[in-house]
>>> print(open('coords.cif').read())   # mmCIF, C-alpha atoms
data_structure
loop_
_atom_site.label_atom_id
_atom_site.label_comp_id
_atom_site.auth_asym_id
_atom_site.auth_seq_id
_atom_site.Cartn_x
_atom_site.Cartn_y
_atom_site.Cartn_z
CA ASP A 281 118.14 91.54 118.74
CA THR A 282 114.53 90.39 118.59
CA GLY A 283 113.42 92.53 115.65
CA VAL A 284 112.80 91.59 112.03
CA SER A 285 116.03 90.79 110.20
CA GLN A 286 116.75 90.60 106.49
CA ASP A 287 119.67 89.19 104.58
CA PRO A 288 121.51 90.37 102.61
CA ARG A 289 121.24 94.09 103.24
CA HIS A 290 122.61 94.93 99.80
CA LYS A 291 122.74 92.96 96.57
CA ILE A 292 124.22 93.93 93.22
CA THR A 293 123.55 91.57 90.36
CA LYS A 294 123.65 91.48 86.61
CA ARG A 295 120.52 91.43 84.53
CA GLY A 296 119.28 87.91 83.95
CA GLN A 297 120.66 86.48 87.20
CA ASN A 298 118.51 85.00 89.96
CA VAL A 299 118.56 86.43 93.47
CA THR A 300 117.09 85.24 96.76
CA PHE A 301 116.41 87.29 99.86
CA ARG A 302 115.69 86.03 103.34
CA CYS A 303 113.50 87.48 106.08
CA ASP A 304 113.41 86.35 109.70
CA PRO A 305 110.34 87.75 111.45
CA ILE A 306 109.85 88.38 115.15
CA SER A 307 109.62 84.87 116.54
CA GLU A 308 106.03 84.77 117.76
CA HIS A 309 104.61 86.64 114.75
CA ASN A 310 102.45 84.51 112.51
CA ARG A 311 102.01 87.05 109.69
CA LEU A 312 104.81 88.00 107.33
CA TYR A 313 104.66 90.58 104.53
CA TRP A 314 106.87 91.50 101.59
CA TYR A 315 106.94 94.99 100.07
CA ARG A 316 108.94 96.72 97.39
CA GLN A 317 109.92 100.38 97.64
CA THR A 318 111.44 102.52 94.91
CA LEU A 319 113.00 105.91 95.42
CA GLY A 320 110.51 108.59 96.40
CA GLN A 321 107.59 106.18 96.62
CA GLY A 322 105.76 104.40 99.38
CA PRO A 323 106.17 100.67 99.86
CA GLU A 324 104.13 98.53 97.46
CA PHE A 325 102.53 95.39 98.81
CA LEU A 326 103.79 92.21 97.16
CA THR A 327 102.53 89.28 99.20
CA TYR A 328 101.83 88.02 102.69
CA PHE A 329 101.77 84.79 104.67
CA GLN A 330 99.85 83.65 107.66
CA ASN A 331 101.99 80.91 109.12
CA GLU A 332 103.14 78.91 106.07
CA ALA A 333 100.15 79.78 103.87
CA GLN A 334 100.52 82.47 101.22
CA LEU A 335 97.18 84.27 101.47
CA GLU A 336 97.48 87.20 99.11
CA LYS A 337 99.62 88.05 96.14
CA SER A 338 99.78 91.39 94.36
CA ARG A 339 99.42 91.72 90.60
CA LEU A 340 102.84 93.39 90.82
CA LEU A 341 104.30 89.97 91.56
CA SER A 342 105.10 88.63 88.11
CA ASP A 343 105.85 85.00 87.37
CA ARG A 344 109.52 85.75 87.94
CA PHE A 345 108.84 86.38 91.64
CA SER A 346 108.18 83.64 94.14
CA ALA A 347 107.96 83.68 97.90
CA GLU A 348 107.93 80.86 100.41
CA ARG A 349 107.58 80.43 104.12
CA PRO A 350 108.03 76.68 104.42
CA LYS A 351 107.79 76.20 108.18
CA GLY A 352 105.92 79.31 109.10
CA SER A 353 109.05 80.98 110.39
CA PHE A 354 111.54 82.61 108.00
CA SER A 355 110.58 83.52 104.44
CA THR A 356 112.45 83.77 101.16
CA LEU A 357 111.71 85.95 98.16
CA GLU A 358 113.28 84.84 94.88
CA ILE A 359 113.49 86.89 91.72
CA GLN A 360 114.38 84.96 88.59
CA ARG A 361 115.92 86.50 85.47
CA THR A 362 116.29 89.89 87.11
CA GLU A 363 115.58 93.04 85.12
CA GLN A 364 116.79 96.58 85.72
CA GLY A 365 113.26 97.53 86.76
CA ASP A 366 113.57 95.16 89.71
CA SER A 367 116.07 97.52 91.34
CA ALA A 368 114.43 98.63 94.58
CA MET A 369 114.42 98.18 98.33
CA TYR A 370 112.67 94.96 99.35
CA LEU A 371 111.11 95.23 102.78
CA CYS A 372 109.82 92.51 105.02
CA ALA A 373 107.43 93.08 107.91
CA SER A 374 105.82 90.84 110.49
CA SER A 375 102.85 91.07 112.79
CA LEU A 376 100.75 89.02 115.13
CA TYR A 377 97.28 88.27 113.82
CA GLY A 378 94.79 90.32 115.82
CA ILE A 379 97.43 92.86 116.86
CA GLU A 380 97.73 95.18 113.95
CA THR A 381 101.13 96.82 114.19
CA GLN A 382 103.57 95.69 111.50
CA TYR A 383 107.25 95.70 112.37
CA PHE A 384 109.55 96.28 109.43
CA GLY A 385 112.99 94.88 108.83
CA PRO A 386 115.93 96.97 107.58
CA GLY A 387 115.32 95.98 103.96
CA THR A 388 117.42 94.50 101.17
CA ARG A 389 118.54 97.01 98.59
CA LEU A 390 118.79 95.40 95.15
CA LEU A 391 120.64 96.94 92.22
CA VAL A 392 120.37 95.21 88.86
CA LEU A 393 123.04 96.27 86.38
CA GLU B 66 90.87 100.00 93.60
CA LEU B 67 91.99 101.40 96.94
CA LYS B 68 94.01 104.61 96.61
CA VAL B 69 95.75 106.54 99.35
CA GLU B 70 96.65 110.18 98.81
CA GLN B 71 98.79 112.29 101.08
CA ASN B 72 98.95 116.04 101.12
CA PRO B 73 101.35 117.76 101.02
CA LEU B 74 104.08 115.57 99.51
CA PHE B 75 106.80 117.92 100.70
CA LEU B 76 106.78 120.27 103.65
CA SER B 77 109.48 122.58 104.90
CA MET B 78 108.73 124.29 108.15
CA GLN B 79 110.40 126.20 110.95
CA GLU B 80 111.05 124.73 114.36
CA GLY B 81 108.34 125.61 116.85
CA LYS B 82 105.54 125.77 114.28
CA ASN B 83 102.48 123.54 114.04
CA TYR B 84 101.36 121.74 110.91
CA THR B 85 99.08 118.98 109.69
CA ILE B 86 99.57 116.25 107.12
CA TYR B 87 96.44 114.89 105.46
CA CYS B 88 95.72 111.38 104.27
CA ASN B 89 92.68 110.60 102.12
CA TYR B 90 91.71 107.11 101.05
CA SER B 91 89.22 106.03 98.44
CA THR B 92 87.29 103.08 99.89
CA THR B 93 86.28 101.85 103.30
CA SER B 94 88.94 100.38 105.52
CA ASP B 95 89.08 99.10 109.07
CA ARG B 96 92.64 100.15 109.82
CA LEU B 97 94.84 103.15 109.17
CA TYR B 98 98.56 103.30 109.90
CA TRP B 99 101.12 106.06 110.18
CA TYR B 100 104.80 105.28 109.70
CA ARG B 101 108.00 107.27 109.82
CA GLN B 102 110.99 106.61 107.57
CA ASP B 103 114.41 108.22 107.91
CA PRO B 104 116.62 108.43 104.79
CA GLY B 105 118.08 105.04 103.89
CA LYS B 106 116.29 103.38 106.80
CA SER B 107 113.30 101.14 107.22
CA LEU B 108 109.86 102.10 108.48
CA GLU B 109 108.95 102.73 112.09
CA SER B 110 105.36 102.30 113.18
CA LEU B 111 103.89 105.42 114.79
CA PHE B 112 100.15 104.83 115.11
CA VAL B 113 97.43 102.34 114.24
CA LEU B 114 93.93 103.79 114.15
CA LEU B 115 91.03 101.37 114.22
CA SER B 116 87.78 103.25 114.62
CA ASN B 117 85.99 106.42 113.66
CA GLY B 118 87.00 109.30 115.87
CA ALA B 119 90.14 107.54 117.10
CA VAL B 120 92.84 109.89 118.30
CA LYS B 121 96.33 108.87 119.36
CA GLN B 122 99.18 111.01 120.58
CA GLU B 123 102.87 110.37 121.08
CA GLY B 124 105.03 113.31 122.01
CA ARG B 125 104.59 116.09 119.46
CA LEU B 126 102.64 113.91 117.04
CA MET B 127 98.90 113.35 117.12
CA ALA B 128 96.93 111.24 114.65
CA SER B 129 93.18 111.16 114.14
CA LEU B 130 90.77 109.23 111.97
CA ASP B 131 87.44 110.15 110.40
CA THR B 132 86.16 107.05 108.63
CA LYS B 133 83.09 108.79 107.26
CA ALA B 134 85.23 111.35 105.45
CA ARG B 135 87.92 108.70 104.76
CA LEU B 136 90.44 111.10 106.18
CA SER B 137 93.25 110.85 108.66
CA THR B 138 95.44 113.66 109.89
CA LEU B 139 98.87 113.71 111.48
CA HIS B 140 99.35 116.88 113.47
CA ILE B 141 102.77 118.11 114.48
CA THR B 142 102.95 120.44 117.46
CA ALA B 143 105.91 122.77 118.02
CA ALA B 144 108.08 120.95 115.50
CA VAL B 145 111.69 120.11 116.32
CA HIS B 146 114.50 119.21 113.91
CA ASP B 147 114.47 115.55 115.02
CA LEU B 148 111.05 115.12 113.44
CA SER B 149 112.52 115.61 109.96
CA ALA B 150 111.68 112.41 108.06
CA THR B 151 109.23 111.01 105.54
CA TYR B 152 105.82 110.14 106.96
CA PHE B 153 103.60 107.55 105.32
CA CYS B 154 99.99 106.73 105.90
CA ALA B 155 98.73 103.31 104.89
CA VAL B 156 95.33 101.70 104.78
CA ASN B 157 94.30 98.10 105.16
CA ARG B 158 91.74 96.40 102.96
CA ASP B 159 91.35 92.64 102.86
CA ASP B 160 94.70 92.30 104.61
CA LYS B 161 96.46 94.16 101.81
CA ILE B 162 98.24 97.28 103.05
CA ILE B 163 98.28 100.20 100.61
CA PHE B 164 100.67 103.08 101.27
CA GLY B 165 100.52 106.70 100.24
CA LYS B 166 103.48 108.31 98.50
CA GLY B 167 104.69 109.86 101.72
CA THR B 168 105.17 113.38 103.02
CA ARG B 169 108.78 114.48 103.19
CA LEU B 170 109.03 116.75 106.20
CA HIS B 171 112.01 119.05 106.57
CA ILE B 172 112.22 121.09 109.74
CA LEU B 173 114.54 124.04 109.67
CA PRO B 174 116.40 124.92 112.85
#
>>> encode(input="coords.cif", output="structure tokens")
Amino acid sequence: DTGVSQDPRHKITKRGQNVTFRCDPISEHNRLYWYRQTLGQGPEFLTYFQNEAQLEKSRLLSDRFSAERPKGSFSTLEIQRTEQGDSAMYLCASSLYGIETQYFGPGTRLLVL
Amino acid sequence: ELKVEQNPLFLSMQEGKNYTIYCNYSTTSDRLYWYRQDPGKSLESLFVLLSNGAVKQEGRLMASLDTKARLSTLHITAAVHDLSATYFCAVNRDDKIIFGKGTRLHILP
């Protein structure tokens, strides 16, 4: 499978715990995006990388959120001290700079109890 | 602040009918996207529109872009049940992609 993959697909955690999600983009794609989607809403942009550089970060991304793409390949999104309001689907997408289509992964569904 | 509004948010229609979903956006953008999402699934790219007057068609779906009016339309021709899904438009500005709330399309057999 050469598409975008995300791990885990589902995560249930207790409030206050830290969680980390992983995204593996399509191998030749140099851009990687993170979005959050809540029920009945469109995806909300969180952040994106071009290679290993984080170029844009939404105001939605509080200090508890951090994303990395250390070698310009896979990326991780960490949420510290989770809150119930963090419950959502976290989507990753990748694209090739100059070719505009974004390919989305299956998402990680987070439930904070 | 860039805003993207879709209309209608919910649409129930009979198979065989035609309909149009509208997407308005508030500031200039150089790219407009249409995506499809099935329940519990991720997003599938349908179209990317890059210039004023652009029109793209795939099967029963046709998307167009009017950058002067800041309006895109997604037209469905002779709808079939398999097209039931949520359709999102999204607009790019400064490499930030802003999505509308989606149009939930339900096609009745």
>>> interface_residues(input="coords.cif", of="chain A", to="chain B", cutoff="9 Å", atoms="all atoms listed in the file", output="list of chain:residue names")
A:Gly320, A:Gln321, A:Gly322, A:Pro323, A:Glu324, A:Phe325, A:Leu326, A:Thr327, A:Tyr328, A:Leu335, A:Glu336, A:Lys337, A:Ser338, A:Leu371, A:Glu380, A:Thr381, A:Gln382, A:Tyr383, A:Phe384, A:Gly385, A:Pro386, A:Gly387
>>> closest_residue(input="coords.cif", among="B:Gln79, B:Arg158, B:Ser94, B:Val69", to="Lys133 of chain B", atoms="only C-alpha atoms")
B:Ser94
>>> resolve_selection(input="coords.cif", expression="the PyMOL selection byres ((chain B and resi 120) around 12)", output="ChimeraX atom specification")
/B:97,112-119,121-123,126-131,137-140
>>> resolve_selection(input="coords.cif", expression="the PyMOL selection byres ((chain A and resi 360) around 8)", output="list of chain:residue names")
A:Gly296, A:Gln297, A:Asn298, A:Val299, A:Arg344, A:Phe345, A:Glu358, A:Ile359, A:Arg361, A:Thr362
>>> write_last_selection(input="coords.cif", atoms="C-alpha atoms", output="tab-separated table (two decimals), in the coordinates of the input")
chain	number	residue	atom	x	y	z
A	296	GLY	CA	119.28	87.91	83.95
A	297	GLN	CA	120.66	86.48	87.20
A	298	ASN	CA	118.51	85.00	89.96
A	299	VAL	CA	118.56	86.43	93.47
A	344	ARG	CA	109.52	85.75	87.94
A	345	PHE	CA	108.84	86.38	91.64
A	358	GLU	CA	113.28	84.84	94.88
A	359	ILE	CA	113.49	86.89	91.72
A	361	ARG	CA	115.92	86.50	85.47
A	362	THR	CA	116.29	89.89	87.11
>>> closest_residue(input="coords.cif", among="A:Gln317, A:Thr300, A:Thr293, A:Asn310", to="Ala347 of chain A", atoms="only C-alpha atoms")
A:Thr300
>>> atom_distance(input="coords.cif", atom1="atom CA of Glu363 of chain A", atom2="atom CA of Cys303 of chain A")
21.8 Å
